[in-house]
$ cat upload19.cif   # mmCIF, C-alpha atoms
data_protein
#
loop_
_atom_site.group_PDB
_atom_site.id
_atom_site.type_symbol
_atom_site.label_atom_id
_atom_site.label_comp_id
_atom_site.auth_asym_id
_atom_site.auth_seq_id
_atom_site.Cartn_x
_atom_site.Cartn_y
_atom_site.Cartn_z
ATOM 1 C CA MET D 1 0.000 0.000 0.000
ATOM 2 C CA LYS D 2 2.841 2.393 0.892
ATOM 3 C CA LEU D 3 4.499 1.546 -2.419
ATOM 4 C CA LEU D 4 1.265 2.353 -4.267
ATOM 5 C CA HIS D 5 0.966 5.710 -2.459
ATOM 6 C CA THR D 6 4.583 6.522 -3.283
ATOM 7 C CA LEU D 7 4.084 5.679 -6.963
ATOM 8 C CA CYS D 8 0.933 7.825 -7.082
ATOM 9 C CA LEU D 9 2.749 10.749 -5.479
ATOM 10 C CA LEU D 10 5.704 10.473 -7.867
ATOM 11 C CA THR D 11 3.324 10.252 -10.833
ATOM 12 C CA PHE D 12 1.478 13.366 -9.630
ATOM 13 C CA LEU D 13 4.716 15.350 -9.125
ATOM 14 C CA ALA D 14 6.022 14.265 -12.513
ATOM 15 C CA THR D 15 2.741 15.322 -14.157
ATOM 16 C CA VAL D 16 2.913 18.741 -12.459
ATOM 17 C CA ASP D 17 6.529 19.154 -13.534
ATOM 18 C CA VAL D 18 5.715 18.187 -17.124
ATOM 19 C CA HIS D 19 2.839 20.677 -17.237
ATOM 20 C CA SER D 20 5.111 23.359 -15.775
ATOM 21 C CA GLN D 21 7.789 22.632 -18.356
ATOM 22 C CA ASN D 22 5.202 22.668 -21.144
ATOM 23 C CA ARG D 23 3.938 26.082 -20.016
ATOM 24 C CA GLU D 24 7.494 27.429 -19.912
ATOM 25 C CA ALA D 25 8.259 25.888 -23.311
ATOM 26 C CA HIS D 26 5.375 27.848 -24.857
ATOM 27 C CA ARG D 27 6.159 31.034 -22.931
ATOM 28 C CA GLN D 28 8.182 33.656 -24.783
ATOM 29 C CA GLU D 29 11.675 34.543 -23.605
ATOM 30 C CA ASN D 30 11.845 37.401 -21.122
ATOM 31 C CA THR D 31 13.220 40.465 -22.904
ATOM 32 C CA ASN D 32 12.325 43.056 -20.262
ATOM 33 C CA SER D 33 14.627 45.741 -18.964
ATOM 34 C CA PHE D 34 14.369 47.213 -15.462
ATOM 35 C CA ILE D 35 14.693 50.569 -13.723
ATOM 36 C CA THR D 36 15.759 49.897 -10.129
ATOM 37 C CA LEU D 37 15.882 51.724 -6.807
ATOM 38 C CA SER D 38 17.976 50.169 -4.039
ATOM 39 C CA LEU D 39 16.276 50.220 -0.638
ATOM 40 C CA TRP D 40 19.276 49.039 1.418
ATOM 41 C CA PRO D 41 21.927 51.834 1.143
ATOM 42 C CA ILE D 42 19.814 54.736 2.458
ATOM 43 C CA ALA D 43 19.824 53.082 5.923
ATOM 44 C CA ASP D 44 23.622 52.625 6.051
ATOM 45 C CA PRO D 45 24.721 54.524 9.209
ATOM 46 C CA TYR D 46 28.262 55.121 7.871
ATOM 47 C CA ALA D 47 27.663 55.770 4.182
ATOM 48 C CA PRO D 48 23.973 56.487 3.442
ATOM 49 C CA ARG D 49 23.098 57.201 -0.190
ATOM 50 C CA LEU D 50 20.466 56.883 -2.848
ATOM 51 C CA ARG D 51 21.212 54.277 -5.518
ATOM 52 C CA VAL D 52 19.364 53.925 -8.800
ATOM 53 C CA GLY D 53 20.081 51.649 -11.714
ATOM 54 C CA TYR D 54 19.125 50.357 -15.118
ATOM 55 C CA THR D 55 19.303 46.716 -16.224
ATOM 56 C CA ALA D 56 19.038 46.244 -19.986
ATOM 57 C CA HIS D 57 18.242 43.047 -21.889
ATOM 58 C CA LEU D 58 20.833 42.031 -24.465
ATOM 59 C CA LYS D 59 19.806 38.690 -25.977
ATOM 60 C CA GLY D 60 19.011 35.175 -24.833
ATOM 61 C CA HIS D 61 20.328 34.594 -21.316
ATOM 62 C CA TRP D 62 22.160 37.907 -20.971
ATOM 63 C CA LYS D 63 21.361 41.249 -19.363
ATOM 64 C CA VAL D 64 23.698 44.066 -18.287
ATOM 65 C CA GLY D 65 23.155 46.710 -15.641
ATOM 66 C CA LEU D 66 24.648 49.845 -14.164
ATOM 67 C CA ASP D 67 23.866 51.282 -10.732
ATOM 68 C CA ALA D 68 24.960 54.737 -9.570
ATOM 69 C CA GLY D 69 24.717 56.136 -6.057
ATOM 70 C CA TYR D 70 25.115 59.518 -4.396
ATOM 71 C CA GLY D 71 25.075 60.608 -0.759
ATOM 72 C CA ASN D 72 25.532 63.836 1.197
ATOM 73 C CA GLY D 73 24.754 65.282 4.618
ATOM 74 C CA ALA D 74 21.115 65.950 3.731
ATOM 75 C CA LEU D 75 20.536 62.241 3.036
ATOM 76 C CA SER D 76 22.342 60.923 6.110
ATOM 77 C CA PHE D 77 19.412 60.960 8.541
ATOM 78 C CA MET D 78 20.519 57.562 9.889
ATOM 79 C CA ALA D 79 24.132 58.658 10.459
ATOM 80 C CA ASN D 80 25.538 60.329 13.553
ATOM 81 C CA GLU D 81 26.535 63.998 13.527
ATOM 82 C CA GLU D 82 30.200 63.201 12.922
ATOM 83 C CA PHE D 83 29.465 61.463 9.626
ATOM 84 C CA GLN D 84 27.081 64.191 8.458
ATOM 85 C CA ASN D 85 29.789 66.861 8.576
ATOM 86 C CA GLU D 86 30.855 67.648 4.985
ATOM 87 C CA TYR D 87 29.874 64.128 4.003
ATOM 88 C CA LYS D 88 29.831 63.284 0.286
ATOM 89 C CA LEU D 89 29.809 59.951 -1.514
ATOM 90 C CA TRP D 90 29.416 58.637 -5.045
ATOM 91 C CA GLU D 91 29.601 55.122 -6.458
ATOM 92 C CA VAL D 92 29.247 53.125 -9.679
ATOM 93 C CA ARG D 93 28.401 49.427 -10.077
ATOM 94 C CA PRO D 94 28.433 47.749 -13.534
ATOM 95 C CA GLU D 95 27.015 44.226 -13.563
ATOM 96 C CA VAL D 96 26.571 41.327 -15.997
ATOM 97 C CA HIS D 97 23.613 38.952 -15.470
ATOM 98 C CA TYR D 98 23.265 35.407 -16.764
ATOM 99 C CA ILE D 99 19.569 34.412 -16.704
ATOM 100 C CA LEU D 100 19.179 30.748 -15.755
ATOM 101 C CA ASN D 101 15.841 30.290 -17.554
ATOM 102 C CA PRO D 102 14.738 33.192 -19.801
ATOM 103 C CA LYS D 103 11.230 31.681 -20.120
ATOM 104 C CA SER D 104 10.539 31.466 -16.408
ATOM 105 C CA SER D 105 7.963 33.835 -14.897
ATOM 106 C CA THR D 106 10.379 34.530 -12.001
ATOM 107 C CA ILE D 107 13.775 35.457 -13.392
ATOM 108 C CA LYS D 108 16.669 33.846 -11.516
ATOM 109 C CA TYR D 109 20.220 34.832 -12.370
ATOM 110 C CA LEU D 110 23.907 34.583 -11.625
ATOM 111 C CA SER D 111 25.900 37.788 -11.935
ATOM 112 C CA ALA D 112 29.301 39.411 -11.582
ATOM 113 C CA GLU D 113 29.438 42.988 -10.288
ATOM 114 C CA LEU D 114 32.314 45.459 -10.151
ATOM 115 C CA PHE D 115 32.042 48.413 -7.777
ATOM 116 C CA TYR D 116 33.850 51.635 -6.889
ATOM 117 C CA ILE D 117 32.973 53.937 -3.957
ATOM 118 C CA HIS D 118 34.486 57.360 -3.227
ATOM 119 C CA GLN D 119 33.654 59.042 0.102
ATOM 120 C CA THR D 120 34.884 62.224 1.855
ATOM 121 C CA ASN D 121 34.194 63.707 5.294
ATOM 122 C CA VAL D 122 35.598 66.358 7.624
ATOM 123 C CA PHE D 123 35.915 64.859 11.108
ATOM 124 C CA LEU D 124 36.041 66.902 14.311
ATOM 125 C CA ASN D 125 37.678 65.861 17.606
ATOM 126 C CA GLY D 126 38.427 62.357 16.430
ATOM 127 C CA ASP D 127 41.217 59.835 16.236
ATOM 128 C CA TYR D 128 42.591 57.153 13.934
ATOM 129 C CA THR D 129 45.317 54.529 13.731
ATOM 130 C CA THR D 130 47.996 55.217 11.126
ATOM 131 C CA ASP D 131 49.237 52.685 8.599
ATOM 132 C CA ASP D 132 52.272 51.976 10.796
ATOM 133 C CA GLY D 133 50.202 51.422 13.958
ATOM 134 C CA ASN D 134 50.393 54.777 15.770
ATOM 135 C CA ASP D 135 47.244 56.234 17.347
ATOM 136 C CA ILE D 136 46.632 59.898 16.475
ATOM 137 C CA ALA D 137 44.042 62.240 18.010
ATOM 138 C CA PHE D 138 43.095 65.492 16.269
ATOM 139 C CA ASP D 139 40.864 68.547 16.443
ATOM 140 C CA GLN D 140 39.915 68.360 12.762
ATOM 141 C CA ALA D 141 40.938 66.249 9.753
ATOM 142 C CA ASP D 142 39.897 65.610 6.166
ATOM 143 C CA TYR D 143 38.971 61.998 5.492
ATOM 144 C CA GLN D 144 38.820 60.126 2.173
ATOM 145 C CA ARG D 145 37.744 56.538 1.574
ATOM 146 C CA GLN D 146 38.052 54.616 -1.695
ATOM 147 C CA LYS D 147 36.584 51.135 -1.867
ATOM 148 C CA TYR D 148 36.565 48.894 -4.919
ATOM 149 C CA GLY D 149 36.206 45.233 -5.705
ATOM 150 C CA MET D 150 33.972 42.543 -7.191
ATOM 151 C CA HIS D 151 30.937 40.472 -6.160
ATOM 152 C CA PHE D 152 29.546 37.171 -7.433
ATOM 153 C CA LYS D 153 25.822 37.026 -6.776
ATOM 154 C CA PHE D 154 22.672 34.963 -7.121
ATOM 155 C CA GLY D 155 19.375 36.820 -7.377
ATOM 156 C CA LEU D 156 15.836 36.847 -8.629
ATOM 157 C CA PHE D 157 13.311 39.330 -9.994
ATOM 158 C CA LEU D 158 10.020 38.680 -8.204
ATOM 159 C CA ASN D 159 6.902 40.245 -9.740
ATOM 160 C CA ILE D 160 4.328 41.868 -7.418
ATOM 161 C CA GLY D 161 2.333 43.445 -10.235
ATOM 162 C CA LYS D 162 2.261 43.843 -13.993
ATOM 163 C CA ASN D 163 5.318 46.098 -14.084
ATOM 164 C CA LEU D 164 6.484 46.228 -10.459
ATOM 165 C CA GLY D 165 8.498 43.901 -8.280
ATOM 166 C CA PHE D 166 11.485 43.285 -6.060
ATOM 167 C CA ASN D 167 14.987 42.150 -6.945
ATOM 168 C CA PHE D 168 16.482 40.069 -4.107
ATOM 169 C CA TYR D 169 20.164 39.143 -4.252
ATOM 170 C CA GLY D 170 23.009 37.753 -2.183
ATOM 171 C CA GLY D 171 26.577 36.725 -2.734
ATOM 172 C CA VAL D 172 30.189 37.228 -1.782
ATOM 173 C CA GLY D 173 33.294 38.804 -3.242
ATOM 174 C CA PHE D 174 36.339 40.818 -2.269
ATOM 175 C CA ARG D 175 37.113 44.468 -1.678
ATOM 176 C CA ILE D 176 40.103 46.772 -1.306
ATOM 177 C CA ARG D 177 39.570 49.725 1.026
ATOM 178 C CA ASP D 178 41.937 52.696 1.133
ATOM 179 C CA ASN D 179 41.463 55.255 3.953
ATOM 180 C CA GLN D 180 43.452 58.495 3.956
ATOM 181 C CA TYR D 181 43.627 61.386 6.436
ATOM 182 C CA SER D 182 44.995 64.819 5.516
ATOM 183 C CA ASN D 183 45.011 68.488 6.631
ATOM 184 C CA THR D 184 45.044 67.323 10.238
ATOM 185 C CA ILE D 185 44.730 70.151 12.803
ATOM 186 C CA ASN D 186 46.538 69.678 16.131
ATOM 187 C CA PRO D 187 47.570 66.021 15.630
ATOM 188 C CA ARG D 188 48.941 64.333 18.728
ATOM 189 C CA GLU D 189 49.922 60.797 19.607
ATOM 190 C CA THR D 190 47.635 58.977 22.001
ATOM 191 C CA ASP D 191 46.921 55.457 23.222
ATOM 192 C CA ILE D 192 43.532 54.024 22.182
ATOM 193 C CA PHE D 193 41.983 50.641 22.938
ATOM 194 C CA ARG D 194 39.806 49.633 19.992
ATOM 195 C CA GLU D 195 37.029 47.077 20.255
ATOM 196 C CA TRP D 196 36.644 44.290 17.663
ATOM 197 C CA PHE D 197 33.672 46.210 16.195
ATOM 198 C CA ALA D 198 35.705 49.385 15.558
ATOM 199 C CA GLN D 199 34.422 51.594 12.747
ATOM 200 C CA PRO D 200 36.202 51.154 9.390
ATOM 201 C CA ASN D 201 37.199 54.844 9.179
ATOM 202 C CA GLU D 202 39.323 54.499 12.348
ATOM 203 C CA PHE D 203 42.175 52.823 10.420
ATOM 204 C CA GLU D 204 44.325 54.557 7.819
ATOM 205 C CA GLY D 205 45.814 52.731 4.847
ATOM 206 C CA ARG D 206 44.885 50.018 2.395
ATOM 207 C CA ASP D 207 43.166 46.800 3.414
ATOM 208 C CA PHE D 208 42.057 43.709 1.477
ATOM 209 C CA ASN D 209 39.264 41.445 2.689
ATOM 210 C CA PHE D 210 36.247 39.384 1.653
ATOM 211 C CA ASN D 211 33.030 41.343 1.203
ATOM 212 C CA PRO D 212 29.419 40.088 1.383
ATOM 213 C CA ALA D 213 26.665 41.271 -0.967
ATOM 214 C CA LEU D 214 23.089 41.195 0.278
ATOM 215 C CA GLY D 215 20.202 43.472 -0.620
ATOM 216 C CA ILE D 216 16.872 44.267 -2.165
ATOM 217 C CA LYS D 217 15.885 46.573 -5.002
ATOM 218 C CA PHE D 218 12.485 47.852 -6.061
ATOM 219 C CA TYR D 219 12.075 47.679 -9.840
ATOM 220 C CA TYR D 220 9.866 48.968 -12.604
ATOM 221 C CA LYS D 221 9.745 46.692 -15.640
ATOM 222 C CA ILE D 222 9.881 48.227 -19.127
#
$ encode --input "upload19.cif" --output "structure tokens"
Amino acid sequence: MKLLHTLCLLTFLATVDVHSQNREAHRQENTNSFITLSLWPIADPYAPRLRVGYTAHLKGHWKVGLDAGYGNGALSFMANEEFQNEYKLWEVRPEVHYILNPKSSTIKYLSAELFYIHQTNVFLNGDYTTDDGNDIAFDQADYQRQKYGMHFKFGLFLNIGKNLGFNFYGGVGFRIRDNQYSNTINPRETDIFREWFAQPNEFEGRDFNFNPALGIKFYYKI
């Protein structure tokens, strides 16, 4: 009896899968392009910005996209007062998508993304650790951060309406971060104990590390 139930269940699942494949076989390839708005970066307490993008269909399994972001003190409502002072940021993110099944109603993809971020601040009454390990306190200093690298991601475009939906994605990659301090007013050596969760701007110099990619975009399909 159990064997009969198992065979019936397998037959049912196979029938559903065949019907699903038949529907996808008759469905036209997805040739849509997307205008996107990233919802994640505006809540970043250290580098808030607005990020918009455009993902264009090429042919078959391939789409390409470009995201651009910009942030300043007026947008940094989640950041503390220190980060709002003279804060400016811009970024670019080109990306290549490989669509796993162009005929699927929910587009799933693998992608490779390059990114570059340029950020500046003026910090007051702060401190940092130099590239050679010395702790420096200051009354005021100009700060510049450059961050660049690459992500490998898996994602999907999930429809919530005729032309609207969400793009969920996650992945991992690597980044190089380069922090620089200049025009320091009243620099003086000090001794600082830093916790393991120290802020990334507290260290001067170049650093290589792995970098996660996780986020959500709102899209309009065209």
$ resolve_selection --input "upload19.cif" --expression "the PyMOL selection byres ((chain D and resi 169) around 12)" --output "PyMOL selection string"
chain D and resi 38+40+97+107-113+151-158+166-168+170-172+212-218
$ residues_around --input "upload19.cif" --residues "D:Lys63" --least-positions-apart "3" --cutoff "8 Å" --atoms "all atoms listed in the file" --output "PyMOL selection string"
chain D and resi 55-59+96-99
$ residues_near_point --input "upload19.cif" --point "(48.1, 57.9, 18.9)" --cutoff "10 Å" --atoms "all atoms listed in the file" --output "PyMOL selection string"
chain D and resi 127-130+133-138+187-192
$ closest_residue --input "upload19.cif" --among "D:Gly149, D:Gly69, D:Gly53, D:Gly60" --to "D:Tyr220" --atoms "all atoms listed in the file"
D:Gly53
$ atom_distance --input "upload19.cif" --atom1 "atom CA of D:Asn163" --atom2 "atom CA of D:Arg51"
19.8 Å
$ atom_distance --input "upload19.cif" --atom1 "atom CA of D:Thr184" --atom2 "atom CA of D:Ala47"
21.7 Å
$ residues_around --input "upload19.cif" --residues "stretch 83-93 of chain D" --least-positions-apart "4" --cutoff "8 Å" --atoms "all atoms listed in the file" --output "PyMOL selection string"
chain D and resi 46-47+49+66-74+76+79+113-123
$ atom_distance --input "upload19.cif" --atom1 "atom CA of D:Ile35" --atom2 "atom CA of D:Arg145"
28.3 Å
$ residues_around --input "upload19.cif" --residues "D:Phe208" --least-positions-apart "5" --cutoff "8 Å" --atoms "only C-alpha atoms" --output "list in words"
Phe174, Arg175, Ile176 and Arg177 of chain D
$ write_last_selection --input "upload19.cif" --atoms "C-alpha atoms" --output "PDB file, keeping the file's coordinate frame"
ATOM      1  CA  PHE D 174      36.339  40.818  -2.269  1.00  0.00           C
ATOM      2  CA  ARG D 175      37.113  44.468  -1.678  1.00  0.00           C
ATOM      3  CA  ILE D 176      40.103  46.772  -1.306  1.00  0.00           C
ATOM      4  CA  ARG D 177      39.570  49.725   1.026  1.00  0.00           C
TER       5      ARG D 177
END
$ closest_residue --input "upload19.cif" --among "D:Lys147, D:Arg194, D:Lys162, D:Lys221" --to "D:Gln180" --atoms "all atoms listed in the file"
D:Lys147
$ closest_residue --input "upload19.cif" --among "D:Glu29, D:Asp44, D:Ile160, D:Gly173" --to "D:Lys103" --atoms "all atoms listed in the file"
D:Glu29
$ build_atoms --input "upload19.cif" --residues "stretch 90-105 of chain D" --atoms "N, CA and C atoms" --output "CSV table (one decimal), in the coordinates of the input"
chain,number,residue,atom,x,y,z
D,90,TRP,N,30.0,59.1,-3.8
D,90,TRP,CA,29.4,58.6,-5.0
D,90,TRP,C,30.0,57.2,-5.3
D,91,GLU,N,29.2,56.5,-6.1
D,91,GLU,CA,29.6,55.1,-6.5
D,91,GLU,C,29.1,54.7,-7.8
D,92,VAL,N,29.7,53.7,-8.4
D,92,VAL,CA,29.2,53.1,-9.7
D,92,VAL,C,29.4,51.6,-9.6
D,93,ARG,N,28.4,50.9,-10.2
D,93,ARG,CA,28.4,49.4,-10.1
D,93,ARG,C,27.9,48.8,-11.4
D,94,PRO,N,28.8,48.5,-12.3
D,94,PRO,CA,28.4,47.7,-13.5
D,94,PRO,C,28.3,46.3,-13.2
D,95,GLU,N,27.3,45.6,-13.9
D,95,GLU,CA,27.0,44.2,-13.6
D,95,GLU,C,26.6,43.5,-14.8
D,96,VAL,N,27.0,42.2,-14.9
D,96,VAL,CA,26.6,41.3,-16.0
D,96,VAL,C,25.7,40.2,-15.4
D,97,HIS,N,24.5,40.0,-16.0
D,97,HIS,CA,23.6,39.0,-15.5
D,97,HIS,C,23.5,37.8,-16.5
D,98,TYR,N,23.6,36.6,-16.0
D,98,TYR,CA,23.3,35.4,-16.8
D,98,TYR,C,21.9,34.8,-16.3
D,99,ILE,N,20.9,34.9,-17.1
D,99,ILE,CA,19.6,34.4,-16.7
D,99,ILE,C,19.5,32.9,-16.8
D,100,LEU,N,19.2,32.2,-15.7
D,100,LEU,CA,19.2,30.7,-15.8
D,100,LEU,C,18.1,30.2,-16.7
D,101,ASN,N,16.9,30.8,-16.7
D,101,ASN,CA,15.8,30.3,-17.6
D,101,ASN,C,15.1,31.5,-18.1
D,102,PRO,N,15.4,32.0,-19.3
D,102,PRO,CA,14.7,33.2,-19.8
D,102,PRO,C,13.2,33.1,-20.0
D,103,LYS,N,12.7,31.9,-19.9
D,103,LYS,CA,11.2,31.7,-20.1
D,103,LYS,C,10.5,31.5,-18.8
D,104,SER,N,11.2,31.6,-17.7
D,104,SER,CA,10.5,31.5,-16.4
D,104,SER,C,9.8,32.8,-16.0
D,105,SER,N,8.7,32.6,-15.3
D,105,SER,CA,8.0,33.8,-14.9
D,105,SER,C,8.7,34.6,-13.8
